[in-house]
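Enquirer: File structure.json below, JSON, C-alpha atoms:
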```json
[["chain", "number", "residue", "atom", "x", "y", "z"],
["A", 1, "MET", "CA", -22.19, -4.18, -18.76],
["A", 2, "GLN", "CA", -20.79, -2.71, -15.57],
["A", 3, "THR", "CA", -20.68, 1.06, -15.28],
["A", 4, "ILE", "CA", -17.44, 2.20, -13.67],
["A", 5, "ALA", "CA", -16.77, 5.63, -12.19],
["A", 6, "PHE", "CA", -13.03, 6.26, -12.17],
["A", 7, "ILE", "CA", -11.76, 9.19, -10.12],
["A", 8, "GLY", "CA", -8.08, 10.12, -10.45],
["A", 9, "LEU", "CA", -6.35, 9.71, -13.81],
["A", 10, "GLY", "CA", -2.69, 10.28, -12.98],
["A", 11, "ASN", "CA", 0.24, 8.10, -14.01],
["A", 12, "MET", "CA", -1.38, 4.99, -12.55],
["A", 13, "GLY", "CA", -5.07, 5.85, -12.75],
["A", 14, "GLY", "CA", -4.99, 6.75, -16.42],
["A", 15, "GLY", "CA", -3.72, 3.33, -17.46],
["A", 16, "MET", "CA", -6.09, 1.56, -15.09],
["A", 17, "ALA", "CA", -9.15, 3.40, -16.41],
["A", 18, "ALA", "CA", -8.09, 2.58, -19.96],
["A", 19, "ARG", "CA", -8.01, -1.14, -19.11],
["A", 20, "GLN", "CA", -11.55, -0.94, -17.77],
["A", 21, "ALA", "CA", -12.71, 0.71, -21.01],
["A", 22, "ALA", "CA", -10.82, -1.85, -23.11],
["A", 23, "ALA", "CA", -12.76, -4.60, -21.28],
["A", 24, "GLY", "CA", -15.99, -3.17, -22.70],
["A", 25, "ARG", "CA", -17.15, -1.45, -19.56],
["A", 26, "GLN", "CA", -18.66, 2.01, -19.59],
["A", 27, "VAL", "CA", -16.14, 4.16, -17.74],
["A", 28, "ARG", "CA", -17.11, 7.63, -16.55],
["A", 29, "ALA", "CA", -13.82, 9.32, -15.74],
["A", 30, "PHE", "CA", -13.00, 12.44, -13.78],
["A", 31, "ASP", "CA", -9.79, 14.28, -12.95],
["A", 32, "LEU", "CA", -8.94, 17.87, -12.13],
["A", 33, "SER", "CA", -6.38, 17.78, -14.95],
["A", 34, "GLU", "CA", -7.94, 18.45, -18.34],
["A", 35, "ALA", "CA", -4.98, 16.79, -20.06],
["A", 36, "ALA", "CA", -5.39, 13.61, -18.02],
["A", 37, "LEU", "CA", -9.11, 13.58, -18.75],
["A", 38, "ALA", "CA", -8.44, 14.02, -22.47],
["A", 39, "ARG", "CA", -6.10, 11.02, -22.45],
["A", 40, "ALA", "CA", -8.78, 8.94, -20.74],
["A", 41, "VAL", "CA", -11.34, 9.93, -23.37],
["A", 42, "ALA", "CA", -8.89, 8.97, -26.11],
["A", 43, "ALA", "CA", -8.62, 5.56, -24.42],
["A", 44, "GLY", "CA", -12.38, 5.03, -24.57],
["A", 45, "CYS", "CA", -13.64, 6.58, -21.34],
["A", 46, "LEU", "CA", -16.48, 9.08, -21.04],
["A", 47, "ALA", "CA", -15.59, 12.45, -19.53],
["A", 48, "ALA", "CA", -17.52, 13.54, -16.44],
["A", 49, "ASP", "CA", -17.51, 17.17, -15.35],
["A", 50, "SER", "CA", -17.54, 16.34, -11.64],
["A", 51, "VAL", "CA", -17.12, 13.49, -9.18],
["A", 52, "ALA", "CA", -20.88, 13.52, -8.58],
["A", 53, "ALA", "CA", -21.62, 13.16, -12.29],
["A", 54, "ALA", "CA", -19.13, 10.30, -12.60],
["A", 55, "VAL", "CA", -20.48, 8.25, -9.69],
["A", 56, "ALA", "CA", -24.22, 8.77, -10.27],
["A", 57, "ASP", "CA", -25.79, 5.33, -10.91],
["A", 58, "ALA", "CA", -22.36, 3.69, -11.29],
["A", 59, "ASP", "CA", -22.08, 0.05, -10.25],
["A", 60, "VAL", "CA", -18.48, 0.52, -9.13],
["A", 61, "VAL", "CA", -16.54, 3.59, -8.01],
["A", 62, "ILE", "CA", -12.75, 3.36, -8.25],
["A", 63, "THR", "CA", -10.51, 6.06, -6.82],
["A", 64, "MET", "CA", -6.79, 6.56, -7.37],
["A", 65, "LEU", "CA", -5.84, 9.67, -5.40],
["A", 66, "PRO", "CA", -2.62, 11.16, -4.00],
["A", 67, "ALA", "CA", -3.02, 10.76, -0.24],
["A", 68, "GLY", "CA", -5.31, 10.09, 2.70],
["A", 69, "PRO", "CA", -6.77, 13.59, 3.10],
["A", 70, "GLN", "CA", -7.89, 13.68, -0.54],
["A", 71, "VAL", "CA", -9.39, 10.20, -0.28],
["A", 72, "GLU", "CA", -11.39, 11.06, 2.82],
["A", 73, "GLN", "CA", -12.56, 14.39, 1.41],
["A", 74, "VAL", "CA", -13.64, 12.95, -1.94],
["A", 75, "TYR", "CA", -15.62, 10.12, -0.38],
["A", 76, "ARG", "CA", -17.28, 12.08, 2.41],
["A", 77, "GLU", "CA", -18.02, 15.24, 0.43],
["A", 78, "GLN", "CA", -18.56, 14.02, -3.13],
["A", 79, "VAL", "CA", -19.15, 10.27, -3.37],
["A", 80, "PHE", "CA", -21.39, 9.32, -0.45],
["A", 81, "GLY", "CA", -24.10, 11.82, -1.35],
["A", 82, "ALA", "CA", -24.12, 11.08, -5.07],
["A", 83, "ALA", "CA", -23.46, 7.36, -5.60],
["A", 84, "ARG", "CA", -26.32, 4.89, -5.58],
["A", 85, "ALA", "CA", -26.95, 2.87, -2.44],
["A", 86, "GLY", "CA", -25.16, -0.47, -2.46],
["A", 87, "ALA", "CA", -22.51, 0.55, -4.99],
["A", 88, "LEU", "CA", -19.08, -1.04, -4.67],
["A", 89, "LEU", "CA", -16.45, 1.54, -3.68],
["A", 90, "LEU", "CA", -12.81, 0.63, -4.32],
["A", 91, "ASP", "CA", -10.01, 2.89, -3.19],
["A", 92, "CYS", "CA", -6.81, 1.93, -4.99],
["A", 93, "SER", "CA", -4.78, 4.83, -3.58],
["A", 94, "THR", "CA", -1.88, 4.19, -1.21],
["A", 95, "ILE", "CA", -2.77, 5.84, 2.10],
["A", 96, "ASP", "CA", -2.40, 5.29, 5.82],
["A", 97, "VAL", "CA", -4.23, 2.40, 7.46],
["A", 98, "ASP", "CA", -6.20, 4.54, 9.92],
["A", 99, "THR", "CA", -7.71, 6.70, 7.17],
["A", 100, "ALA", "CA", -8.58, 3.62, 5.11],
["A", 101, "ARG", "CA", -10.46, 2.10, 8.04],
["A", 102, "ARG", "CA", -12.21, 5.36, 8.87],
["A", 103, "VAL", "CA", -13.44, 5.81, 5.29],
["A", 104, "ALA", "CA", -14.50, 2.15, 5.15],
["A", 105, "ARG", "CA", -16.62, 2.48, 8.30],
["A", 106, "ALA", "CA", -18.23, 5.65, 7.00],
["A", 107, "ALA", "CA", -18.96, 3.98, 3.66],
["A", 108, "SER", "CA", -20.55, 0.97, 5.33],
["A", 109, "GLU", "CA", -22.70, 3.19, 7.55],
["A", 110, "ALA", "CA", -23.83, 5.06, 4.42],
["A", 111, "GLY", "CA", -24.98, 1.82, 2.78],
["A", 112, "PHE", "CA", -22.05, 1.07, 0.46],
["A", 113, "VAL", "CA", -19.71, -1.89, 0.00],
["A", 114, "PHE", "CA", -16.11, -0.74, 0.47],
["A", 115, "ALA", "CA", -12.64, -2.16, -0.05],
["A", 116, "ASP", "CA", -9.18, -0.68, 0.15],
["A", 117, "ALA", "CA", -7.30, -2.13, -2.81],
["A", 118, "PRO", "CA", -3.85, -0.57, -3.30],
["A", 119, "VAL", "CA", -1.72, -1.82, -6.17],
["A", 120, "SER", "CA", 1.78, -2.99, -6.97],
["A", 121, "GLY", "CA", 3.39, -3.04, -10.39],
["A", 122, "GLY", "CA", 4.00, 0.52, -11.58],
["A", 123, "THR", "CA", 2.83, 2.34, -14.68],
["A", 124, "ALA", "CA", 3.79, -0.43, -17.11],
["A", 125, "ALA", "CA", 1.61, -2.93, -15.26],
["A", 126, "ALA", "CA", -1.22, -0.38, -15.04],
["A", 127, "GLU", "CA", -1.16, 0.02, -18.80],
["A", 128, "ALA", "CA", -0.89, -3.73, -19.40],
["A", 129, "GLY", "CA", -3.58, -4.71, -16.90],
["A", 130, "THR", "CA", -1.15, -6.81, -14.86],
["A", 131, "LEU", "CA", -1.24, -5.10, -11.48],
["A", 132, "ALA", "CA", -1.22, -6.94, -8.17],
["A", 133, "PHE", "CA", -4.03, -5.82, -5.86],
["A", 134, "MET", "CA", -3.85, -6.13, -2.06],
["A", 135, "VAL", "CA", -7.39, -5.97, -0.75],
["A", 136, "GLY", "CA", -8.88, -5.13, 2.62],
["A", 137, "CYS", "CA", -12.58, -6.03, 2.69],
["A", 138, "GLU", "CA", -15.20, -8.25, 4.26],
["A", 139, "GLU", "CA", -14.60, -11.79, 3.07],
["A", 140, "GLY", "CA", -18.02, -12.13, 1.46],
["A", 141, "HIS", "CA", -17.41, -9.12, -0.74],
["A", 142, "LEU", "CA", -14.22, -10.47, -2.34],
["A", 143, "PRO", "CA", -15.88, -12.05, -5.43],
["A", 144, "ALA", "CA", -17.44, -8.70, -6.38],
["A", 145, "VAL", "CA", -14.13, -6.95, -5.80],
["A", 146, "GLU", "CA", -12.28, -9.48, -7.96],
["A", 147, "THR", "CA", -14.78, -9.04, -10.78],
["A", 148, "ALA", "CA", -14.49, -5.27, -10.67],
["A", 149, "LEU", "CA", -10.68, -5.35, -10.66],
["A", 150, "ALA", "CA", -10.27, -8.14, -13.24],
["A", 151, "PRO", "CA", -9.44, -5.94, -16.29],
["A", 152, "MET", "CA", -6.57, -4.33, -14.38],
["A", 153, "SER", "CA", -5.32, -7.31, -12.40],
["A", 154, "ARG", "CA", -2.72, -10.06, -12.68],
["A", 155, "VAL", "CA", -3.51, -11.20, -9.16],
["A", 156, "THR", "CA", -5.94, -10.03, -6.48],
["A", 157, "ILE", "CA", -5.26, -11.14, -2.90],
["A", 158, "ARG", "CA", -7.44, -10.46, 0.13],
["A", 159, "ALA", "CA", -5.05, -9.38, 2.88],
["A", 160, "GLY", "CA", -7.76, -9.21, 5.53],
["A", 161, "ASP", "CA", -10.46, -6.83, 6.70],
["A", 162, "TRP", "CA", -10.61, -3.06, 6.11],
["A", 163, "GLY", "CA", -7.16, -1.48, 6.16],
["A", 164, "ALA", "CA", -5.30, -4.75, 5.62],
["A", 165, "GLY", "CA", -4.73, -3.92, 1.96],
["A", 166, "GLN", "CA", -2.99, -0.70, 2.93],
["A", 167, "ALA", "CA", -0.95, -2.48, 5.59],
["A", 168, "ALA", "CA", 0.21, -5.01, 2.99],
["A", 169, "LYS", "CA", 1.10, -2.28, 0.49],
["A", 170, "ILE", "CA", 3.10, -0.27, 3.04],
["A", 171, "CYS", "CA", 5.08, -3.33, 4.17],
["A", 172, "ASN", "CA", 5.63, -4.56, 0.62],
["A", 173, "ASN", "CA", 6.95, -1.22, -0.58],
["A", 174, "MET", "CA", 9.21, -0.80, 2.41],
["A", 175, "LEU", "CA", 10.72, -4.18, 1.50],
["A", 176, "LEU", "CA", 11.01, -3.07, -2.14],
["A", 177, "GLY", "CA", 12.68, 0.22, -1.23],
["A", 178, "VAL", "CA", 15.21, -1.55, 0.98],
["A", 179, "SER", "CA", 15.94, -4.28, -1.57],
["A", 180, "MET", "CA", 16.44, -1.77, -4.39],
["A", 181, "ILE", "CA", 19.02, 0.12, -2.34],
["A", 182, "GLY", "CA", 20.79, -3.16, -1.60],
["A", 183, "THR", "CA", 20.77, -4.03, -5.29],
["A", 184, "CYS", "CA", 22.17, -0.62, -6.22],
["A", 185, "GLU", "CA", 24.89, -0.86, -3.54],
["A", 186, "ALA", "CA", 25.92, -4.28, -4.82],
["A", 187, "ILE", "CA", 26.14, -3.06, -8.43],
["A", 188, "ALA", "CA", 28.18, -0.02, -7.37],
["A", 189, "LEU", "CA", 30.56, -2.22, -5.40],
["A", 190, "ALA", "CA", 30.84, -4.77, -8.22],
["A", 191, "GLU", "CA", 31.79, -1.97, -10.61],
["A", 192, "LYS", "CA", 34.46, -0.63, -8.21],
["A", 193, "LEU", "CA", 35.90, -4.12, -7.90],
["A", 194, "GLY", "CA", 36.21, -4.45, -11.67],
["A", 195, "LEU", "CA", 33.21, -6.74, -12.19],
["A", 196, "ASP", "CA", 31.01, -5.92, -15.17],
["A", 197, "PRO", "CA", 27.50, -5.03, -13.82],
["A", 198, "GLU", "CA", 25.92, -7.05, -16.64],
["A", 199, "ARG", "CA", 27.96, -10.11, -15.67],
["A", 200, "PHE", "CA", 27.00, -9.46, -12.05],
["A", 201, "PHE", "CA", 23.34, -9.63, -13.15],
["A", 202, "GLU", "CA", 23.95, -13.08, -14.64],
["A", 203, "ILE", "CA", 25.37, -14.22, -11.33],
["A", 204, "ALA", "CA", 23.01, -12.50, -8.88],
["A", 205, "SER", "CA", 19.88, -13.42, -10.82],
["A", 206, "LYS", "CA", 20.78, -17.11, -10.42],
["A", 207, "SER", "CA", 22.28, -16.97, -6.93],
["A", 208, "SER", "CA", 21.20, -16.23, -3.38],
["A", 209, "GLY", "CA", 21.11, -12.47, -4.08],
["A", 210, "GLN", "CA", 18.19, -12.98, -6.48],
["A", 211, "CYS", "CA", 15.22, -10.67, -5.82],
["A", 212, "TRP", "CA", 12.62, -8.71, -7.82],
["A", 213, "SER", "CA", 14.88, -5.65, -7.91],
["A", 214, "VAL", "CA", 17.48, -7.77, -9.71],
["A", 215, "THR", "CA", 15.49, -10.02, -12.02],
["A", 216, "SER", "CA", 12.56, -7.76, -12.97],
["A", 217, "TYR", "CA", 13.87, -4.21, -12.45],
["A", 218, "TYR", "CA", 17.65, -4.28, -12.68],
["A", 219, "PRO", "CA", 18.85, -0.68, -12.27],
["A", 220, "TRP", "CA", 21.75, -1.06, -14.74],
["A", 221, "PRO", "CA", 20.79, -0.67, -18.44],
["A", 222, "GLY", "CA", 20.72, -3.79, -20.58],
["A", 223, "PRO", "CA", 19.90, -7.01, -18.73],
["A", 224, "VAL", "CA", 16.17, -6.33, -18.18],
["A", 225, "PRO", "CA", 14.88, -4.58, -21.33],
["A", 226, "ALA", "CA", 11.59, -3.44, -19.77],
["A", 227, "ALA", "CA", 13.27, -1.82, -16.75],
["A", 228, "PRO", "CA", 13.30, 2.02, -16.51],
["A", 229, "SER", "CA", 17.11, 1.90, -16.45],
["A", 230, "ASN", "CA", 16.84, 1.50, -20.22],
["A", 231, "ARG", "CA", 14.72, 4.66, -20.52],
["A", 232, "ASP", "CA", 16.95, 7.08, -18.61],
["A", 233, "TYR", "CA", 14.93, 6.15, -15.50],
["A", 234, "GLN", "CA", 11.77, 7.73, -16.85],
["A", 235, "GLY", "CA", 8.36, 6.23, -16.13],
["A", 236, "GLY", "CA", 8.04, 3.31, -13.76],
["A", 237, "PHE", "CA", 7.70, 4.17, -10.06],
["A", 238, "ALA", "CA", 8.79, 7.70, -9.24],
["A", 239, "THR", "CA", 11.23, 8.31, -6.38],
["A", 240, "ALA", "CA", 8.74, 10.76, -4.87],
["A", 241, "MET", "CA", 6.11, 8.01, -4.71],
["A", 242, "MET", "CA", 8.52, 5.57, -3.12],
["A", 243, "LEU", "CA", 9.42, 8.23, -0.57],
["A", 244, "LYS", "CA", 5.73, 8.77, 0.17],
["A", 245, "ASP", "CA", 5.25, 5.04, 0.81],
["A", 246, "LEU", "CA", 8.34, 4.83, 3.01],
["A", 247, "LYS", "CA", 7.08, 7.76, 5.06],
["A", 248, "LEU", "CA", 3.76, 5.94, 5.51],
["A", 249, "ALA", "CA", 5.68, 2.86, 6.65],
["A", 250, "GLN", "CA", 7.68, 4.82, 9.20],
["A", 251, "GLU", "CA", 4.57, 6.56, 10.53],
["A", 252, "ALA", "CA", 2.84, 3.19, 10.85],
["A", 253, "ALA", "CA", 5.89, 1.70, 12.57],
["A", 254, "ALA", "CA", 5.95, 4.55, 15.08],
["A", 255, "ARG", "CA", 2.28, 4.09, 15.92],
["A", 256, "ALA", "CA", 2.63, 0.31, 16.20],
["A", 257, "GLY", "CA", 5.88, 0.38, 18.17],
["A", 258, "ALA", "CA", 7.70, -1.63, 15.47],
["A", 259, "SER", "CA", 11.44, -1.41, 14.86],
["A", 260, "THR", "CA", 12.24, -0.77, 11.18],
["A", 261, "PRO", "CA", 15.84, 0.53, 11.01],
["A", 262, "MET", "CA", 16.38, -0.50, 7.38],
["A", 263, "GLY", "CA", 13.12, 1.13, 6.39],
["A", 264, "ALA", "CA", 14.18, 4.31, 8.17],
["A", 265, "GLN", "CA", 17.52, 4.33, 6.36],
["A", 266, "ALA", "CA", 15.79, 3.77, 3.03],
["A", 267, "GLU", "CA", 13.46, 6.68, 3.71],
["A", 268, "ALA", "CA", 16.43, 8.93, 4.50],
["A", 269, "LEU", "CA", 18.27, 7.98, 1.29],
["A", 270, "TYR", "CA", 15.23, 8.49, -0.94],
["A", 271, "ALA", "CA", 14.53, 11.81, 0.80],
["A", 272, "LEU", "CA", 18.10, 12.87, -0.01],
["A", 273, "PHE", "CA", 17.77, 11.72, -3.63],
["A", 274, "ALA", "CA", 14.43, 13.51, -4.08],
["A", 275, "GLY", "CA", 15.80, 16.61, -2.38],
["A", 276, "LEU", "CA", 18.60, 16.72, -4.94],
["A", 277, "GLY", "CA", 15.96, 17.17, -7.64],
["A", 278, "HIS", "CA", 15.34, 13.61, -8.77],
["A", 279, "GLY", "CA", 11.90, 12.95, -7.30],
["A", 280, "GLY", "CA", 10.44, 12.43, -10.77],
["A", 281, "ARG", "CA", 12.95, 9.74, -11.75],
["A", 282, "ASP", "CA", 12.22, 6.07, -11.27],
["A", 283, "PHE", "CA", 13.33, 4.96, -7.82],
["A", 284, "SER", "CA", 15.96, 2.63, -9.31],
["A", 285, "ALA", "CA", 17.89, 5.75, -10.38],
["A", 286, "MET", "CA", 19.19, 5.62, -6.79],
["A", 287, "LEU", "CA", 22.06, 3.75, -8.45],
["A", 288, "ALA", "CA", 23.44, 7.05, -9.77],
["A", 289, "LEU", "CA", 23.66, 8.46, -6.24],
["A", 290, "LEU", "CA", 25.41, 5.39, -4.88],
["A", 291, "ARG", "CA", 27.86, 5.34, -7.82],
["A", 292, "GLY", "CA", 28.64, 9.02, -7.30],
["A", 293, "GLN", "CA", 27.33, 9.71, -10.79],
["A", 294, "LEU", "CA", 24.51, 12.17, -10.20],
["A", 295, "ALA", "CA", 25.95, 14.41, -12.90],
["A", 296, "THR", "CA", 24.86, 11.89, -15.52],
["A", 297, "LEU", "CA", 21.23, 12.27, -14.41],
["A", 298, "GLU", "CA", 21.48, 16.04, -14.27],
["A", 299, "ALA", "CA", 22.93, 16.13, -17.79],
["A", 300, "SER", "CA", 19.95, 14.23, -19.16],
["A", 301, "ALA", "CA", 17.28, 16.13, -17.20]]
```
Would you put the structure from the file into structure tokens?

Expert:
Amino acid sequence: MQTIAFIGLGNMGGGMAARQAAAGRQVRAFDLSEAALARAVAAGCLAADSVAAAVADADVVITMLPAGPQVEQVYREQVFGAARAGALLLDCSTIDVDTARRVARAASEAGFVFADAPVSGGTAAAEAGTLAFMVGCEEGHLPAVETALAPMSRVTIRAGDWGAGQAAKICNNMLLGVSMIGTCEAIALAEKLGLDPERFFEIASKSSGQCWSVTSYYPWPGPVPAAPSNRDYQGGFATAMMLKDLKLAQEAAARAGASTPMGAQAEALYALFAGLGHGGRDFSAMLALLRGQLATLEASA
């Protein structure tokens, strides 16, 4: 039985740790939030009172942390000195490419196997164990990474060497943010033109406008029962997290000299939406802003 140390039990990490425990693995979990830790214990994990206690003698260390500075600090100050030599370290956070590569080099120099393995799928997929993992690692280490991620994964794809997983996640989420805004704009226009948004779904989902934002995450209640639009835009992928990923994409574009005008516009719109107090809503709630119906969200807050 693999022993898993799981660090970071937020909206995504909590569900992911639970899937590891459900697979029969011993999961030592740690989070600064006592409530999050209690939920992990209820899901079958063992509570650790520190990062060092969680990672000691673990076969695999999985981290799901807010941003690059926390990832680098946790690994350099708490993991490297406490984990056993040769352990597999998997960072599933979404962070900038440069930090991912820096942490990977430091991990390798300290005698560990490292992969950046950010995820796509949101909280529902985390709880169901159907996440998509984009992995940056040495090619020979992929089988071990796949085995470690299996209880949480629908698909695991090696994007390339260290940092490539983060590059894939940043580009994928920029595309998602842009396509969701386009979907919301089309629904808002359809409504203004007298077309029922549910009928528009029937058409767009079978026509050239078809995309994931339409068929799997339609922002109008009804056509896609599992979509957050049917739960008052609660759960799913928070606007604040989409904004974070779009900021990472724009920072990466600036460093690489890439032109991403649609990504920049998407960042600006999500920044506006979050600034109006809706950062905790699912990002598909952008539809309310584009329909001029923010009052409906505020009434249900």

Enquirer: Residues at most 10 Å from region 226-230 of chain A, counting all atoms listed in the file, excluding those fewer than 2 positions away in the same chain, as a count of residues only?

Expert: 24

Enquirer: For Gly279 (chain A), find every residue with an atom within 8 Å (counting all atoms listed in the file), except residues of its own chain fewer than 2 positions away, and show them as a ChimeraX atom specification.

Expert: /A:238-240,273-275,277,281-282

Enquirer: A:Ala299, A:Leu90, A:Met12, A:Leu32: which is nearest Ala148 (chain A), counting all atoms listed in the file?

Expert: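 Closest to Ala148 (chain A) of all the choices is A:Leu90.
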
Enquirer: Hey, what's within 7 Å of region 109-122 of chain A if we count only C-alpha atoms and toss same-chain stuff fewer than 3 positions away? As an mmCIF file with C-alpha atoms, in the frame of the given file, please?

Expert:
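The resulting selection12.cif:
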```cif
data_model
loop_
_atom_site.group_PDB
_atom_site.id
_atom_site.type_symbol
_atom_site.label_atom_id
_atom_site.label_comp_id
_atom_site.auth_asym_id
_atom_site.auth_seq_id
_atom_site.Cartn_x
_atom_site.Cartn_y
_atom_site.Cartn_z
ATOM 1 C CA PHE A 80 -21.390 9.320 -0.450
ATOM 2 C CA ALA A 85 -26.950 2.870 -2.440
ATOM 3 C CA GLY A 86 -25.160 -0.470 -2.460
ATOM 4 C CA ALA A 87 -22.510 0.550 -4.990
ATOM 5 C CA LEU A 88 -19.080 -1.040 -4.670
ATOM 6 C CA LEU A 89 -16.450 1.540 -3.680
ATOM 7 C CA LEU A 90 -12.810 0.630 -4.320
ATOM 8 C CA ASP A 91 -10.010 2.890 -3.190
ATOM 9 C CA CYS A 92 -6.810 1.930 -4.990
ATOM 10 C CA SER A 93 -4.780 4.830 -3.580
ATOM 11 C CA THR A 94 -1.880 4.190 -1.210
ATOM 12 C CA ALA A 100 -8.580 3.620 5.110
ATOM 13 C CA ALA A 104 -14.500 2.150 5.150
ATOM 14 C CA ARG A 105 -16.620 2.480 8.300
ATOM 15 C CA ALA A 106 -18.230 5.650 7.000
ATOM 16 C CA ALA A 125 1.610 -2.930 -15.260
ATOM 17 C CA ALA A 126 -1.220 -0.380 -15.040
ATOM 18 C CA LEU A 131 -1.240 -5.100 -11.480
ATOM 19 C CA ALA A 132 -1.220 -6.940 -8.170
ATOM 20 C CA PHE A 133 -4.030 -5.820 -5.860
ATOM 21 C CA MET A 134 -3.850 -6.130 -2.060
ATOM 22 C CA VAL A 135 -7.390 -5.970 -0.750
ATOM 23 C CA GLY A 136 -8.880 -5.130 2.620
ATOM 24 C CA CYS A 137 -12.580 -6.030 2.690
ATOM 25 C CA TRP A 162 -10.610 -3.060 6.110
ATOM 26 C CA GLY A 163 -7.160 -1.480 6.160
ATOM 27 C CA GLY A 165 -4.730 -3.920 1.960
ATOM 28 C CA GLN A 166 -2.990 -0.700 2.930
ATOM 29 C CA LYS A 169 1.100 -2.280 0.490
ATOM 30 C CA GLY A 236 8.040 3.310 -13.760
ATOM 31 C CA PHE A 237 7.700 4.170 -10.060
#
```

Enquirer: Excluding Val41 (chain A) and any residue of its chain fewer than 5 positions from it, enumerate the residues within 12 Å of it, using all atoms listed in the file, and give them as a PyMOL selection string.

Expert: chain A and resi 6+9+14-15+17-18+21-22+26-31+34-36+46-48

Enquirer: Those selected residues, please, written with C-alpha atoms and delivered as a PDB file, in the frame of the given file.

Expert:
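result_8.pdb was written with the following content:
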```
ATOM      1  CA  PHE A   6     -13.030   6.260 -12.170  1.00  0.00           C
ATOM      2  CA  LEU A   9      -6.350   9.710 -13.810  1.00  0.00           C
ATOM      3  CA  GLY A  14      -4.990   6.750 -16.420  1.00  0.00           C
ATOM      4  CA  GLY A  15      -3.720   3.330 -17.460  1.00  0.00           C
ATOM      5  CA  ALA A  17      -9.150   3.400 -16.410  1.00  0.00           C
ATOM      6  CA  ALA A  18      -8.090   2.580 -19.960  1.00  0.00           C
ATOM      7  CA  ALA A  21     -12.710   0.710 -21.010  1.00  0.00           C
ATOM      8  CA  ALA A  22     -10.820  -1.850 -23.110  1.00  0.00           C
ATOM      9  CA  GLN A  26     -18.660   2.010 -19.590  1.00  0.00           C
ATOM     10  CA  VAL A  27     -16.140   4.160 -17.740  1.00  0.00           C
ATOM     11  CA  ARG A  28     -17.110   7.630 -16.550  1.00  0.00           C
ATOM     12  CA  ALA A  29     -13.820   9.320 -15.740  1.00  0.00           C
ATOM     13  CA  PHE A  30     -13.000  12.440 -13.780  1.00  0.00           C
ATOM     14  CA  ASP A  31      -9.790  14.280 -12.950  1.00  0.00           C
ATOM     15  CA  GLU A  34      -7.940  18.450 -18.340  1.00  0.00           C
ATOM     16  CA  ALA A  35      -4.980  16.790 -20.060  1.00  0.00           C
ATOM     17  CA  ALA A  36      -5.390  13.610 -18.020  1.00  0.00           C
ATOM     18  CA  LEU A  46     -16.480   9.080 -21.040  1.00  0.00           C
ATOM     19  CA  ALA A  47     -15.590  12.450 -19.530  1.00  0.00           C
ATOM     20  CA  ALA A  48     -17.520  13.540 -16.440  1.00  0.00           C
TER      21      ALA A  48
END
```

Enquirer: Could you check how far CA of Glu298 (chain A) sits from CA of Glu185 (chain A), in Å to one decimal?

Expert: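 Distance between the two atoms: 20.3 Å.
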
Enquirer: Quote the spacing between CA of Gly257 (chain A) and CA of Ala164 (chain A) in Å to one decimal place.

Expert: 17.6 Å

Enquirer: To one decimal place in Å, what is the distance between CA of Glu72 (chain A) and CA of Val103 (chain A)?

Expert: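 Interatomic distance, CA of Glu72 (chain A) to CA of Val103 (chain A): 6.2 Å.
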
Enquirer: Using only C-alpha atoms, find the one residue out of A:Leu294, A:Ser33, A:Gly177, A:Glu202 that sits nearest to Ala266 (chain A).

Expert: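 With only C-alpha atoms as the atom set, the closest residue is A:Gly177.
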
Enquirer: Any chance you could build region 20-27 of chain A out to N, CA, C and O atoms and write it as a compact mmCIF listing (two decimals), keeping the file's coordinate frame?

Expert:
```txt
# COMPACT_ATOMS: atom_id res chain seq x y z
N GLN A 20 -10.12 -0.72 -18.01
CA GLN A 20 -11.55 -0.94 -17.77
C GLN A 20 -12.34 -0.68 -19.05
O GLN A 20 -13.24 -1.44 -19.41
N ALA A 21 -12.01 0.39 -19.75
CA ALA A 21 -12.71 0.71 -21.01
C ALA A 21 -12.43 -0.36 -22.06
O ALA A 21 -13.33 -0.77 -22.81
N ALA A 22 -11.19 -0.83 -22.13
CA ALA A 22 -10.82 -1.85 -23.11
C ALA A 22 -11.56 -3.17 -22.86
O ALA A 22 -11.73 -3.97 -23.79
N ALA A 23 -12.00 -3.38 -21.62
CA ALA A 23 -12.76 -4.60 -21.28
C ALA A 23 -14.23 -4.48 -21.66
O ALA A 23 -15.01 -5.40 -21.40
N GLY A 24 -14.61 -3.35 -22.26
CA GLY A 24 -15.99 -3.17 -22.70
C GLY A 24 -16.92 -2.57 -21.67
O GLY A 24 -18.13 -2.55 -21.86
N ARG A 25 -16.33 -2.07 -20.59
CA ARG A 25 -17.15 -1.45 -19.56
C ARG A 25 -17.32 0.04 -19.86
O ARG A 25 -16.45 0.67 -20.45
N GLN A 26 -18.46 0.57 -19.45
CA GLN A 26 -18.66 2.01 -19.59
C GLN A 26 -17.94 2.69 -18.43
O GLN A 26 -18.24 2.45 -17.26
N VAL A 27 -16.97 3.52 -18.76
CA VAL A 27 -16.14 4.16 -17.74
C VAL A 27 -16.38 5.66 -17.78
O VAL A 27 -16.09 6.33 -18.77
```
